Amino acid sequence: MADTKQLYQEVILDHNRKPRNWGVLPDATHRAEGHNPLCGDHLTVTLRLRDAMVDAVNIQGESCAICKASASMMTMAVKGKSRDDAERMVQEFRDFATGQLEPAGPHHLGRLTVFAGVRDLPPRVKCAILPWHTLHAALNDQASTTTEAEADPVHAPMGNA
């Protein structure tokens, strides 16, 4: 258990210090802004779909370490995936972070299972989910999303994701 927590902390710190795919994608075909009013996270996801594939995806904004690390790892995980696979990963990550999907269970999350530790920090679940919720919004041509009220990714259904 201690090794898992240490790995979780190391991954969070690494991706927070050096987020991958940082910046606004200039030729993006899809874009959404996400906001978590609870902790102040504000994130923009820009992506380019080409032939129903995520050709490129970038993130930018001001957020806590958990949100930034989740966003950074998300960009790496969905780049090169089909739109449907990216949507499946959105749902799986949401279910994983909220404890509805077990790390040992069948899923497509790979290295993202390092976020299993966020389950033990309920106030931080929305921080980890915000980038994924924002990706879902971008893929569905929604300009913005939030983690509060009926848009709450922990409690509200996300459609066919």
# chains A, B, ... in the order shown; residues from 1 in each chain; ligands from 1

$ select_by_dssp --residues "chain A" --states "strand (DSSP E)" --output "compact mmCIF listing (two decimals) with N, CA and C atoms, in the first residue's frame"
# COMPACT_ATOMS: atom_id res chain seq x y z
N HIS A 30 -12.10 21.02 -31.90
CA HIS A 30 -13.00 20.96 -30.75
C HIS A 30 -12.33 21.62 -29.57
N ARG A 31 -13.17 22.26 -28.74
CA ARG A 31 -12.64 22.99 -27.58
C ARG A 31 -13.71 23.06 -26.50
N ALA A 32 -13.27 22.97 -25.25
CA ALA A 32 -14.18 23.17 -24.12
C ALA A 32 -13.39 23.68 -22.93
N GLU A 33 -14.08 24.44 -22.11
CA GLU A 33 -13.51 24.92 -20.86
C GLU A 33 -14.22 24.22 -19.71
N GLY A 34 -13.43 23.81 -18.72
CA GLY A 34 -13.99 23.17 -17.55
C GLY A 34 -13.63 23.94 -16.30
N HIS A 35 -14.54 23.93 -15.34
CA HIS A 35 -14.33 24.68 -14.12
C HIS A 35 -14.80 23.87 -12.92
N ASN A 36 -13.99 23.84 -11.90
CA ASN A 36 -14.34 23.22 -10.63
C ASN A 36 -14.36 24.34 -9.58
N ASP A 41 -10.14 25.01 -9.92
CA ASP A 41 -9.55 24.51 -11.16
C ASP A 41 -10.28 25.09 -12.37
N HIS A 42 -9.50 25.54 -13.34
CA HIS A 42 -10.05 26.05 -14.59
C HIS A 42 -9.16 25.52 -15.70
N LEU A 43 -9.73 24.76 -16.62
CA LEU A 43 -8.95 24.04 -17.61
C LEU A 43 -9.58 24.17 -18.99
N THR A 44 -8.75 24.32 -20.00
CA THR A 44 -9.22 24.31 -21.37
C THR A 44 -8.64 23.09 -22.07
N VAL A 45 -9.50 22.35 -22.74
CA VAL A 45 -9.08 21.20 -23.55
C VAL A 45 -9.33 21.57 -25.00
N THR A 46 -8.28 21.48 -25.80
CA THR A 46 -8.41 21.67 -27.24
C THR A 46 -7.95 20.39 -27.91
N LEU A 47 -8.68 19.98 -28.94
CA LEU A 47 -8.30 18.75 -29.63
C LEU A 47 -8.62 18.85 -31.11
N ARG A 48 -7.94 18.00 -31.83
CA ARG A 48 -8.16 17.94 -33.28
C ARG A 48 -8.58 16.51 -33.61
N LEU A 49 -9.77 16.39 -34.16
CA LEU A 49 -10.24 15.10 -34.66
C LEU A 49 -9.95 15.03 -36.15
N ARG A 50 -9.44 13.90 -36.57
CA ARG A 50 -9.19 13.66 -37.99
C ARG A 50 -9.67 12.25 -38.27
N MET A 53 -10.63 10.20 -35.31
CA MET A 53 -9.52 9.84 -34.41
C MET A 53 -9.03 11.10 -33.71
N VAL A 54 -8.62 10.95 -32.46
CA VAL A 54 -8.03 12.06 -31.72
C VAL A 54 -6.60 12.20 -32.22
N ASP A 55 -6.41 13.12 -33.13
CA ASP A 55 -5.11 13.34 -33.76
C ASP A 55 -4.17 14.09 -32.83
N ALA A 56 -4.72 15.03 -32.07
CA ALA A 56 -3.93 15.82 -31.12
C ALA A 56 -4.87 16.32 -30.03
N VAL A 57 -4.34 16.48 -28.83
CA VAL A 57 -5.12 17.01 -27.72
C VAL A 57 -4.17 17.75 -26.77
N ASN A 58 -4.57 18.94 -26.40
CA ASN A 58 -3.76 19.76 -25.49
C ASN A 58 -4.63 20.27 -24.34
N ILE A 59 -3.94 20.66 -23.28
CA ILE A 59 -4.61 21.22 -22.11
C ILE A 59 -3.88 22.48 -21.68
N GLN A 60 -4.63 23.38 -21.05
CA GLN A 60 -4.03 24.59 -20.51
C GLN A 60 -4.96 25.14 -19.45
N GLY A 61 -4.40 25.77 -18.45
CA GLY A 61 -5.22 26.40 -17.43
C GLY A 61 -4.53 26.48 -16.10
N GLU A 62 -5.30 26.86 -15.11
CA GLU A 62 -4.82 26.95 -13.73
C GLU A 62 -5.55 25.89 -12.93
N SER A 144 -18.51 24.67 -22.60
CA SER A 144 -18.01 24.68 -21.22
C SER A 144 -18.73 23.64 -20.38
N THR A 145 -18.12 23.33 -19.25
CA THR A 145 -18.69 22.38 -18.31
C THR A 145 -18.20 22.74 -16.91
N THR A 146 -18.87 22.20 -15.94
CA THR A 146 -18.50 22.44 -14.55
C THR A 146 -18.67 21.15 -13.76

$ residues_around --residues "Pro19 in chain A" --least-positions-apart "6" --cutoff "10 Å" --atoms "only C-alpha atoms" --output "PyMOL selection string"
chain A and resi 12-13+58-60+65+68-73+75

$ closest_residue --among "A:Gly117, A:Pro131, A:Gly80, A:Gly40" --to "Phe96 in chain A" --atoms "only C-alpha atoms"
A:Gly117

$ closest_residue --among "A:Glu87, A:Cys64, A:His15, A:Ala77" --to "Leu135 in chain A" --atoms "only C-alpha atoms"
A:Glu87

$ select_by_dssp --residues "chain A" --states "alpha helix (DSSP H)" --output "ChimeraX atom specification"
/A:2-17,65-78,83-97,125-139

$ closest_residue --among "A:Ala143, A:Ala128, A:Ala52, A:Ala28" --to "Ser82 in chain A" --atoms "only C-alpha atoms"
A:Ala52
